[in-house]
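J.: Coordinates in input_19.cif, mmCIF, C-alpha atoms, are listed below.
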```
data_structure
#
loop_
_atom_site.label_atom_id
_atom_site.label_comp_id
_atom_site.auth_asym_id
_atom_site.auth_seq_id
_atom_site.Cartn_x
_atom_site.Cartn_y
_atom_site.Cartn_z
CA MET A 1122 -29.34 -26.39 15.46
CA THR A 1123 -29.28 -29.78 17.20
CA ASN A 1124 -32.20 -30.49 19.45
CA GLY A 1125 -31.55 -31.98 22.86
CA PRO A 1126 -33.36 -32.06 26.18
CA VAL A 1127 -35.02 -28.71 26.81
CA GLY A 1128 -34.92 -27.35 30.31
CA GLY A 1129 -34.85 -30.86 31.76
CA ALA A 1130 -38.09 -31.69 29.92
CA THR A 1131 -38.72 -34.11 27.06
CA SER A 1132 -36.99 -33.09 23.84
CA LEU A 1133 -39.07 -31.77 21.00
CA PHE A 1134 -38.35 -34.82 18.89
CA GLU A 1135 -39.43 -37.16 21.69
CA ALA A 1136 -42.51 -35.01 22.20
CA LEU A 1137 -43.57 -35.63 18.59
CA TYR A 1138 -43.95 -39.31 19.43
CA ASP A 1139 -45.91 -38.48 22.56
CA ASP A 1140 -48.78 -36.08 21.92
CA GLU A 1141 -49.57 -32.48 21.04
CA ASN A 1142 -49.53 -31.40 24.68
CA ALA A 1143 -45.95 -32.62 24.93
CA VAL A 1144 -45.07 -30.59 21.83
CA VAL A 1145 -46.59 -27.50 23.45
CA ARG A 1146 -44.62 -28.09 26.65
CA ALA A 1147 -41.37 -28.53 24.73
CA LEU A 1148 -41.92 -25.34 22.75
CA ARG A 1149 -42.86 -23.37 25.86
CA ALA A 1150 -39.75 -24.69 27.59
CA GLY A 1151 -37.61 -23.13 24.87
CA ALA A 1152 -37.27 -25.70 22.07
CA SER A 1153 -36.89 -24.00 18.71
CA PRO A 1154 -39.59 -24.86 16.15
CA GLU A 1155 -36.70 -25.07 13.66
CA SER A 1156 -34.93 -27.78 15.67
CA ARG A 1157 -32.91 -30.41 13.84
CA ASP A 1158 -31.63 -33.77 15.02
CA GLU A 1159 -28.06 -34.97 14.61
CA GLU A 1160 -28.79 -36.06 11.01
CA GLY A 1161 -30.19 -32.69 10.01
CA THR A 1162 -33.84 -33.76 10.01
CA THR A 1163 -36.09 -30.94 11.10
CA ALA A 1164 -38.87 -31.45 13.61
CA LEU A 1165 -41.35 -30.12 11.05
CA TYR A 1166 -40.24 -32.60 8.41
CA LEU A 1167 -40.54 -35.50 10.85
CA ALA A 1168 -44.03 -34.39 11.88
CA CYS A 1169 -45.01 -34.18 8.20
CA VAL A 1170 -43.82 -37.64 7.19
CA GLN A 1171 -45.31 -39.15 10.37
CA ASP A 1172 -48.70 -37.59 9.49
CA LEU A 1173 -49.05 -35.50 12.65
CA PRO A 1174 -51.22 -32.58 11.49
CA GLY A 1175 -51.71 -31.20 15.00
CA ALA A 1176 -47.99 -31.11 15.68
CA VAL A 1177 -47.37 -29.61 12.24
CA ARG A 1178 -49.76 -26.75 12.99
CA LEU A 1179 -48.14 -26.13 16.37
CA LEU A 1180 -44.66 -25.95 14.84
CA LEU A 1181 -45.85 -23.66 12.05
CA ALA A 1182 -47.63 -21.38 14.52
CA ALA A 1183 -44.43 -21.24 16.56
CA GLY A 1184 -42.49 -20.02 13.52
CA ALA A 1185 -41.24 -23.09 11.66
CA ASP A 1186 -40.54 -22.31 8.00
CA PRO A 1187 -42.80 -24.56 5.85
CA ASP A 1188 -40.24 -24.45 3.02
CA ARG A 1189 -37.11 -25.17 5.05
CA ALA A 1190 -35.30 -28.19 3.61
CA SER A 1191 -34.38 -31.13 5.82
CA GLY A 1192 -31.91 -34.01 5.94
CA PRO A 1193 -28.13 -34.45 5.74
CA GLU A 1194 -27.94 -32.82 2.30
CA ALA A 1195 -30.86 -30.45 2.96
CA GLY A 1196 -32.64 -32.13 0.05
CA ASP A 1197 -36.02 -33.01 1.58
CA LEU A 1198 -38.96 -30.64 1.74
CA PRO A 1199 -41.79 -30.94 4.28
CA LEU A 1200 -44.43 -30.56 1.56
CA CYS A 1201 -42.87 -33.32 -0.53
CA GLY A 1202 -42.54 -35.60 2.49
CA ALA A 1203 -46.22 -35.16 3.28
CA ALA A 1204 -47.21 -35.63 -0.37
CA CYS A 1205 -45.25 -38.89 -0.61
CA GLY A 1206 -47.20 -40.29 2.31
CA GLY A 1207 -50.54 -39.13 1.00
CA HIS A 1208 -51.06 -36.97 4.10
CA THR A 1209 -53.70 -34.60 2.76
CA GLU A 1210 -54.38 -32.72 6.01
CA VAL A 1211 -50.69 -32.06 6.58
CA VAL A 1212 -50.30 -30.82 2.99
CA GLY A 1213 -53.20 -28.44 3.54
CA ALA A 1214 -51.67 -27.11 6.76
CA LEU A 1215 -48.33 -26.43 5.08
CA LEU A 1216 -49.95 -24.67 2.13
CA SER A 1217 -52.10 -22.55 4.46
CA ALA A 1218 -48.88 -21.51 6.20
CA GLY A 1219 -47.42 -20.29 2.92
CA ALA A 1220 -45.52 -23.32 1.58
CA ASP A 1221 -44.60 -22.96 -2.10
CA PRO A 1222 -46.55 -25.71 -3.93
CA ASP A 1223 -44.07 -25.77 -6.82
CA LEU A 1224 -40.81 -25.84 -4.86
CA ARG A 1225 -38.44 -28.57 -6.04
CA GLU A 1226 -36.52 -30.80 -3.68
CA GLU A 1227 -33.44 -32.89 -4.40
CA PHE A 1228 -33.49 -34.61 -7.82
CA GLY A 1229 -36.14 -32.19 -9.08
CA PHE A 1230 -39.32 -33.61 -7.56
CA THR A 1231 -42.22 -31.36 -6.63
CA ALA A 1232 -45.02 -32.31 -4.26
CA LEU A 1233 -47.44 -32.63 -7.21
CA ARG A 1234 -45.03 -34.92 -9.04
CA TRP A 1235 -44.89 -37.19 -5.98
CA ALA A 1236 -48.68 -37.18 -5.61
CA ALA A 1237 -49.23 -37.92 -9.30
CA GLY A 1238 -46.75 -40.78 -9.35
CA LEU A 1239 -48.10 -42.40 -6.20
CA GLY A 1240 -51.78 -41.90 -6.92
CA HIS A 1241 -52.52 -39.64 -3.95
CA ALA A 1242 -55.44 -37.85 -5.58
CA GLY A 1243 -56.55 -35.96 -2.46
CA VAL A 1244 -53.10 -34.46 -2.09
CA ALA A 1245 -53.01 -33.52 -5.79
CA GLU A 1246 -56.37 -31.78 -5.48
CA VAL A 1247 -55.24 -29.71 -2.50
CA LEU A 1248 -51.99 -28.74 -4.22
CA LEU A 1249 -53.78 -27.71 -7.41
CA ASP A 1250 -56.38 -25.74 -5.45
CA HIS A 1251 -53.48 -23.83 -3.86
CA GLY A 1252 -51.94 -22.92 -7.20
CA ALA A 1253 -49.58 -25.79 -8.04
CA ASP A 1254 -48.61 -25.71 -11.71
CA PRO A 1255 -50.37 -28.68 -13.38
CA ASP A 1256 -47.73 -28.77 -16.12
CA ARG A 1257 -44.50 -28.39 -14.15
CA PRO A 1258 -42.30 -31.31 -15.27
CA GLY A 1259 -40.56 -33.73 -12.94
CA PRO A 1260 -36.94 -34.88 -12.97
CA ARG A 1261 -37.28 -36.78 -16.25
CA GLY A 1262 -39.25 -34.04 -17.95
CA GLU A 1263 -42.60 -35.80 -17.63
CA VAL A 1264 -45.57 -33.64 -16.73
CA PRO A 1265 -47.99 -34.74 -13.99
CA LEU A 1266 -50.77 -35.70 -16.42
CA VAL A 1267 -48.56 -38.26 -18.16
CA VAL A 1268 -47.35 -39.59 -14.82
CA SER A 1269 -50.95 -39.88 -13.56
CA ALA A 1270 -52.01 -41.65 -16.74
CA ARG A 1271 -49.26 -44.21 -16.16
CA ARG A 1272 -50.25 -44.60 -12.52
CA GLY A 1273 -53.90 -45.21 -13.44
CA SER A 1274 -55.39 -42.69 -10.99
CA VAL A 1275 -58.58 -41.42 -12.61
CA ARG A 1276 -59.32 -38.96 -9.82
CA THR A 1277 -55.89 -37.35 -10.18
CA VAL A 1278 -56.29 -37.07 -13.95
CA ARG A 1279 -59.68 -35.42 -13.50
CA ALA A 1280 -58.19 -32.91 -11.05
CA LEU A 1281 -55.37 -32.05 -13.45
CA LEU A 1282 -57.79 -31.59 -16.34
CA ARG A 1283 -60.01 -29.32 -14.22
CA HIS A 1284 -56.97 -27.13 -13.57
CA GLY A 1285 -56.02 -26.84 -17.22
CA ALA A 1286 -53.30 -29.46 -17.60
CA GLY A 1287 -51.88 -29.82 -21.10
CA SER A 1288 -50.02 -32.68 -22.83
CA LEU A 1289 -53.25 -34.59 -23.38
CA SER A 1290 -51.96 -36.55 -26.38
CA PRO A 1291 -48.84 -37.92 -24.63
CA ALA A 1292 -50.98 -38.79 -21.61
CA LEU A 1293 -53.46 -40.63 -23.85
CA GLU A 1294 -50.63 -42.56 -25.46
CA GLU A 1295 -49.40 -43.60 -22.01
CA ALA A 1296 -52.89 -44.60 -20.83
CA ARG A 1297 -53.38 -46.74 -23.94
CA ARG A 1298 -49.97 -48.37 -23.45
CA MET A 1299 -50.81 -49.28 -19.87
CA LEU A 1300 -54.28 -50.43 -20.89
CA ALA A 1301 -52.69 -52.97 -23.20
CA SER A 1302 -50.30 -54.24 -20.50
CA ASP A 1303 -50.75 -56.58 -17.56
CA ALA A 1304 -50.59 -54.70 -14.25
CA GLU A 1305 -49.22 -57.63 -12.29
CA ARG A 1306 -46.48 -58.23 -14.85
CA GLU A 1307 -45.58 -54.53 -14.86
CA LEU A 1308 -45.19 -54.56 -11.08
CA ARG A 1309 -43.14 -57.75 -11.08
CA ASP A 1310 -40.82 -56.24 -13.70
CA VAL A 1311 -40.27 -53.18 -11.48
CA LEU A 1312 -39.50 -55.35 -8.46
CA ARG A 1313 -37.16 -57.53 -10.53
CA ARG A 1314 -35.21 -54.46 -11.61
CA MET A 1315 -34.96 -53.30 -8.01
CA TYR A 1316 -34.20 -56.61 -6.28
CA GLY A 1317 -32.75 -58.83 -8.99
CA ASP A 1318 -33.95 -62.07 -10.50
CA GLY A 1319 -33.59 -64.11 -7.29
CA GLU A 1320 -36.26 -66.60 -6.37
CA HIS A 1321 -38.55 -64.61 -4.13
CA ALA A 1322 -41.97 -65.81 -3.10
CA SER A 1323 -44.62 -63.19 -3.73
CA THR A 1324 -48.22 -62.33 -3.07
CA VAL A 1325 -50.75 -60.33 -5.09
CA ARG A 1326 -53.67 -58.31 -3.75
CA ARG A 1327 -56.47 -56.61 -5.64
CA GLU A 1328 -58.50 -54.06 -3.71
CA ARG A 1329 -61.27 -51.66 -4.66
CA VAL A 1330 -59.93 -48.23 -3.83
CA ASP A 1331 -60.99 -44.73 -4.90
CA GLY A 1332 -63.32 -45.76 -7.72
CA GLY A 1333 -61.09 -48.47 -9.15
CA VAL A 1334 -58.97 -51.52 -8.46
CA THR A 1335 -55.46 -51.23 -7.03
CA VAL A 1336 -53.10 -54.15 -7.67
CA THR A 1337 -50.29 -54.71 -5.16
CA VAL A 1338 -47.42 -57.18 -5.59
CA GLU A 1339 -45.24 -57.89 -2.54
CA LEU A 1340 -42.04 -59.93 -2.31
CA LEU A 1341 -41.77 -62.24 0.70
CA ARG A 1342 -38.83 -63.29 2.81
CA ASP A 1343 -39.51 -66.00 5.39
CA GLY A 1344 -43.17 -65.48 4.71
CA GLU A 1345 -43.11 -61.76 5.47
CA PRO A 1346 -43.32 -58.90 2.93
CA PHE A 1347 -40.06 -56.97 2.51
CA ALA A 1348 -40.75 -55.04 -0.68
CA GLY A 1349 -43.75 -54.13 -2.77
CA GLN A 1350 -45.18 -52.02 -5.56
CA ASP A 1351 -48.73 -51.08 -6.42
CA LEU A 1352 -50.60 -49.71 -9.41
CA GLN A 1353 -54.08 -48.38 -9.97
CA THR A 1354 -55.96 -49.73 -12.95
CA GLY A 1355 -58.12 -46.86 -14.16
CA HIS A 1356 -56.32 -46.70 -17.50
CA GLY A 1357 -59.48 -47.45 -19.48
CA ALA A 1358 -61.34 -44.56 -17.87
CA ILE A 1359 -58.35 -42.26 -18.34
CA ALA A 1360 -58.07 -43.13 -22.02
CA THR A 1361 -61.81 -42.53 -22.43
CA LEU A 1362 -61.61 -39.19 -20.61
CA LEU A 1363 -58.69 -37.98 -22.70
CA GLU A 1364 -60.21 -39.15 -25.96
CA HIS A 1365 -63.36 -37.22 -25.13
CA GLU A 1366 -61.31 -34.10 -24.33
CA LEU A 1367 -59.46 -34.44 -27.63
CA GLY A 1368 -62.61 -35.06 -29.66
CA VAL A 1369 -61.64 -38.65 -30.52
CA ARG A 1370 -64.63 -40.92 -31.19
CA THR A 1371 -63.70 -44.24 -29.64
CA PRO A 1372 -65.41 -47.28 -31.21
CA PHE A 1373 -68.26 -48.48 -29.02
CA GLU A 1374 -66.80 -52.00 -29.06
CA GLU A 1375 -63.63 -50.69 -27.43
CA LEU A 1376 -65.60 -48.82 -24.78
CA ALA A 1377 -67.44 -52.02 -23.88
CA VAL A 1378 -64.17 -53.93 -23.60
CA ARG A 1379 -62.75 -51.27 -21.26
CA ALA A 1380 -65.85 -51.33 -19.09
CA LEU A 1381 -65.99 -55.10 -18.66
CA ARG A 1382 -62.25 -55.50 -18.22
CA GLY A 1383 -61.99 -52.68 -15.70
CA GLY A 1384 -63.58 -54.18 -12.60
CA GLY A 1385 -67.29 -54.10 -13.32
CA PRO A 1386 -70.32 -51.88 -12.64
CA GLY A 1387 -69.87 -48.75 -10.58
CA LEU A 1388 -66.12 -48.40 -11.14
CA ASP A 1389 -64.43 -45.65 -13.12
CA ASN A 1390 -63.65 -47.67 -16.25
CA TRP A 1391 -67.30 -48.67 -16.50
CA LEU A 1392 -68.78 -45.29 -15.63
CA GLU A 1393 -66.63 -43.28 -18.04
CA ALA A 1394 -67.51 -45.60 -20.94
CA VAL A 1395 -71.22 -45.37 -20.11
CA GLY A 1396 -71.06 -41.58 -19.80
CA VAL A 1397 -69.42 -41.11 -23.19
CA LEU A 1398 -71.99 -43.34 -24.86
CA TRP A 1399 -74.86 -41.47 -23.22
CA LEU A 1400 -73.63 -38.26 -24.80
CA ARG A 1401 -73.56 -39.75 -28.28
CA GLY A 1402 -77.28 -40.40 -28.17
CA ASP A 1403 -77.37 -41.69 -31.75
CA GLU A 1404 -78.93 -44.66 -33.51
CA GLU A 1405 -75.65 -46.55 -33.77
CA THR A 1406 -75.19 -46.40 -30.00
CA PHE A 1407 -78.79 -47.48 -29.39
CA GLN A 1408 -78.36 -50.50 -31.64
CA ALA A 1409 -75.13 -51.47 -29.86
CA ALA A 1410 -76.72 -51.08 -26.41
CA ALA A 1411 -79.77 -53.10 -27.45
CA ALA A 1412 -77.50 -55.91 -28.66
CA TRP A 1413 -75.53 -55.85 -25.41
CA ALA A 1414 -78.75 -55.99 -23.37
CA ALA A 1415 -79.63 -59.24 -25.15
CA ALA A 1416 -76.14 -60.80 -24.99
CA GLY A 1417 -75.27 -64.02 -23.24
CA ASP A 1418 -72.77 -62.46 -20.81
CA ALA A 1419 -74.44 -61.07 -17.68
CA LEU A 1420 -72.01 -58.17 -17.29
CA LEU A 1421 -72.44 -57.17 -20.91
CA ARG A 1422 -76.23 -57.18 -20.45
CA ALA A 1423 -75.80 -54.92 -17.41
CA PHE A 1424 -73.57 -52.62 -19.43
CA GLY A 1425 -76.21 -52.43 -22.16
CA ALA A 1426 -78.85 -51.55 -19.56
CA ASP A 1427 -76.66 -48.81 -18.11
CA VAL A 1428 -76.12 -47.30 -21.55
CA LEU A 1429 -79.84 -47.41 -22.35
CA ALA A 1430 -80.61 -45.82 -18.97
CA ARG A 1431 -79.91 -42.25 -20.08
CA LEU A 1432 -79.07 -42.52 -23.75
CA GLY A 1433 -79.65 -39.13 -25.34
CA PHE A 1434 -81.18 -37.61 -22.19
CA HIS A 1435 -78.81 -34.65 -22.45
CA THR A 1436 -80.91 -33.37 -25.35
CA GLY A 1437 -83.73 -32.67 -22.91
CA GLY A 1438 -85.93 -35.60 -23.91
CA ARG A 1439 -86.00 -39.40 -24.03
CA PRO A 1440 -85.36 -40.07 -27.72
CA PHE A 1441 -85.17 -43.87 -27.43
CA ALA A 1442 -87.81 -44.45 -24.75
CA GLY A 1443 -90.26 -46.22 -27.07
CA ARG A 1444 -87.73 -48.92 -27.91
CA ALA A 1445 -85.54 -48.93 -24.80
CA VAL A 1446 -88.24 -49.36 -22.15
CA PRO A 1447 -89.59 -52.70 -23.49
CA LEU A 1448 -86.02 -54.06 -23.67
CA LEU A 1449 -85.33 -52.94 -20.11
CA ARG A 1450 -88.60 -54.46 -18.83
CA GLU A 1451 -87.63 -57.78 -20.35
CA LEU A 1452 -84.14 -57.57 -18.88
CA ALA A 1453 -85.54 -56.69 -15.44
CA ARG A 1454 -87.18 -60.14 -15.39
CA SER A 1455 -83.76 -61.80 -15.70
CA ALA A 1456 -82.85 -64.36 -13.06
CA ASP A 1457 -79.38 -62.83 -12.79
CA PRO A 1458 -79.46 -59.98 -10.24
CA VAL A 1459 -76.71 -57.93 -11.91
CA PRO A 1460 -78.38 -57.19 -15.27
CA ALA A 1461 -81.85 -57.26 -13.65
CA GLY A 1462 -80.78 -54.63 -11.11
CA ALA A 1463 -79.25 -52.46 -13.83
CA ALA A 1464 -82.47 -52.68 -15.84
CA GLU A 1465 -84.61 -51.77 -12.83
CA ARG A 1466 -82.48 -48.71 -12.13
CA ALA A 1467 -82.71 -47.69 -15.77
CA LEU A 1468 -86.50 -48.02 -15.75
CA ALA A 1469 -86.68 -45.87 -12.62
CA GLY A 1470 -84.69 -43.22 -14.47
CA TYR A 1471 -87.12 -43.26 -17.39
CA GLU A 1472 -90.05 -42.83 -15.00
CA ALA A 1473 -88.38 -39.87 -13.31
CA ALA A 1474 -87.21 -38.17 -16.50
CA PRO A 1475 -89.35 -35.58 -18.30
CA GLY A 1476 -91.31 -36.76 -21.31
CA GLU A 1477 -90.33 -36.29 -24.90
#
```
Rewrite the coordinates I just gave you, this time as structure tokens.
T.:
Amino acid sequence: MTNGPVGGATSLFEALYDDENAVVRALRAGASPESRDEEGTTALYLACVQDLPGAVRLLLAAGADPDRASGPEAGDLPLCGAACGGHTEVVGALLSAGADPDLREEFGFTALRWAAGLGHAGVAEVLLDHGADPDRPGPRGEVPLVVSARRGSVRTVRALLRHGAGSLSPALEEARRMLASDAERELRDVLRRMYGDGEHASTVRRERVDGGVTVTVELLRDGEPFAGQDLQTGHGAIATLLEHELGVRTPFEELAVRALRGGGPGLDNWLEAVGVLWLRGDEETFQAAAAWAAAGDALLRAFGADVLARLGFHTGGRPFAGRAVPLLRELARSADPVPAGAAERALAGYEAAPGE
């Protein structure tokens, strides 16, 4: 059905660019919620990709099919369109209306495959909570966990693991491969394959997003971006997570390298390394943390303080308190605020924790 002016009023498609009241008026005037434009795009699909959750709910309530394909070849699904854009609220509305979370669109993509590949962790969580198969492969046979490991989205990997995703070993292999690569070079290679080896000016941005650092490379034409690719850099945390799940004991030196290389204190690469070392709670880890706390590099000293902060606490006591607290007190007197602050927080944790 092609949508045109309805009863002399604004068309449904024009109403989508106006407001929800206009959508209501168009529907009440007789526009079908299944309306399509001359290219076969459905009103619901357009509302989904434009991130219009109110309009999406109105169309669904009026009878629009959440699984009806859109486009000239009927190859685009509303759920996949919303997932591509990272539109979490729209995804939730479609799923609440009965959309099939595992339905494939043209070329074999599912909504979860799009979310995993683009790092839209919130979308992935909603899909998984509504029953999406965490192991359904995409068009090249890759499961979402491997795709998420490549993308570097720690939050997405955690969500997949919570919902029982398999293929941990291939995902770990991919995380380690990406950990050894240069994110900026990877992105430039992708853009070169897409746009050729021409001399394009470019710009690089690094932003703290969602517990990590996202690297974006954009190609410029006349000073304006015309193409770009981005990549999250939580590969160290992902490798650490997967190794822990698989029972692999990662050398403490490697964990320190991942933490310091991965953006610094408070980010996923740092926190996952610290958490794994806390759980070891053994003499070898204490000795390593004590050496880090006395190192020349300020970040490494902060890392040592963070490891000492709760080392072995999971046993119900403070097994290293007698030796850790004096080290932390000394570090807290440091002139550098980063390791000093880490030591102060660690000392506060020892004061609050139950005795041995």
J.: To one decimal place in Å, what is the distance between CA of Val1247 in chain A and CA of Cys1205 in chain A?
T.: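 A separation of 13.7 Å between them.
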J.: Hey, which of A:Ala1409, A:Leu1312, A:Ile1359, A:Leu1367 ends up closest to Leu1266 in chain A? Count all atoms listed in the file.
T.: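 Once distances to Leu1266 in chain A are computed over all atoms listed in the file, the minimum belongs to A:Ile1359.
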J.: Near Leu1392 in chain A, within 8 Å and counting all atoms listed in the file, which residues show up once chain neighbours fewer than 5 positions away are dropped, as a ChimeraX atom specification?
T.: /A:1358,1380,1386-1387
J.: Give the answer as one residue: which of A:Gly1357, A:Pro1440, A:Pro1460, A:Gly1243 has the shortest atom-to-atom distance to Asp1427 in chain A, using only C-alpha atoms?
T.: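 The shortest atom-to-atom distance to Asp1427 in chain A comes from A:Pro1460.
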J.: What separation in Å, quoted to one decimal, exists between CA of Arg1326 in chain A and CA of Leu1362 in chain A?
T.: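 Taking CA of Arg1326 in chain A and CA of Leu1362 in chain A, their separation equals 26.7 Å.
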J.: Which neighbours of Gly1285 in chain A fall inside 9 Å, counting all atoms listed in the file, when residues of the same chain fewer than 4 positions from it are skipped, and could you give them as a VMD selection string?
T.: chain A and resid 1255 to 1256 1280 to 1281
J.: Could you write those residues out with C-alpha atoms, as a short mmCIF file (atom, residue, chain, number, x, y, z; two decimals), keeping the file's coordinate frame?
T.:
```
data_model
loop_
_atom_site.label_atom_id
_atom_site.label_comp_id
_atom_site.auth_asym_id
_atom_site.auth_seq_id
_atom_site.Cartn_x
_atom_site.Cartn_y
_atom_site.Cartn_z
CA PRO A 1255 -50.37 -28.68 -13.38
CA ASP A 1256 -47.73 -28.77 -16.12
CA ALA A 1280 -58.19 -32.91 -11.05
CA LEU A 1281 -55.37 -32.05 -13.45
#
```
J.: Once the PyMOL selection byres ((chain A and resi 1254) around 10) has been evaluated on this model, what residues remain selected, and can you format them as a list in words?
T.: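 Checked against the file, the PyMOL selection byres ((chain A and resi 1254) around 10) matches Pro1222, Asp1223, Thr1231, Leu1233, Leu1248, Leu1249, Asp1250, His1251, Gly1252, Ala1253, Pro1255, Asp1256, Arg1257, Pro1258, Val1264, Pro1265, Leu1281, His1284, Gly1285 and Ala1286 of chain A.
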J.: By how many Å are CA of Tyr1316 in chain A and CA of Gly1333 in chain A apart?
T.: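 Value for the CA of Tyr1316 in chain A-CA of Gly1333 in chain A distance: 28.2 Å.
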J.: With all atoms listed in the file as the atoms that count, which of A:Val1267, A:Val1145, A:Leu1400, A:Ala1214 lies nearest to Cys1169 in chain A?
T.: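 Closest to Cys1169 in chain A of all the choices is A:Ala1214.
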J.: Could you expand the PyMOL selection byres ((chain A and resi 1179-1182) around 12) into the explicit residues it covers here, written as number ranges by chain?
T.: A: 1133-1134, 1136-1137, 1140-1149, 1152-1156, 1163-1169, 1173-1178, 1183-1189, 1199, 1211, 1214-1220
J.: Taking all atoms listed in the file into account, name the residue in A:Ala1445, A:Val1311, A:Leu1398, A:Ala1430 that is nearest to Ala1467 in chain A.
T.: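 Distance minimum relative to Ala1467 in chain A lands on A:Ala1430.
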J.: Between A:Glu1305, A:Arg1313, A:Gln1171, A:Gln1353, which residue has the minimum interatomic distance to Glu1328 in chain A, considering all atoms listed in the file?
T.: A:Gln1353
J.: Give, as AutoDock Vina command-line options, the centre coordinates and the x, y and z edge lengths in Å to one decimal for an axis-aligned box around all listed atoms of range 1306-1318 of chain A, padded by 4 Å on each side.
T.:
```
--center_x -39.6 --center_y -57.6 --center_z -10.6 --size_x 21.7 --size_y 16.9 --size_z 16.6
```
J.: Considering all atoms listed in the file, can you say which of A:Ala1242, A:Leu1341, A:Leu1388, A:Ala1304 comes closest to Glu1320 in chain A?
T.: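 Smallest separation from Glu1320 in chain A among the options: A:Leu1341.
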J.: Just the residues within 12 Å of Val1330 in chain A, please, counting all atoms listed in the file, with nothing from its chain fewer than 5 positions along; format it as number ranges by chain.
T.: A: 1240-1242, 1273-1276, 1335-1337, 1351-1355, 1384, 1388-1389
J.: Just so the selection is clear, what residues does the PyMOL selection byres ((chain A and resi 1374-1376) around 9) cover here, as a PyMOL selection string?
T.: chain A and resi 1357+1361+1371-1373+1377-1381+1390-1391+1393-1395+1397-1398+1409
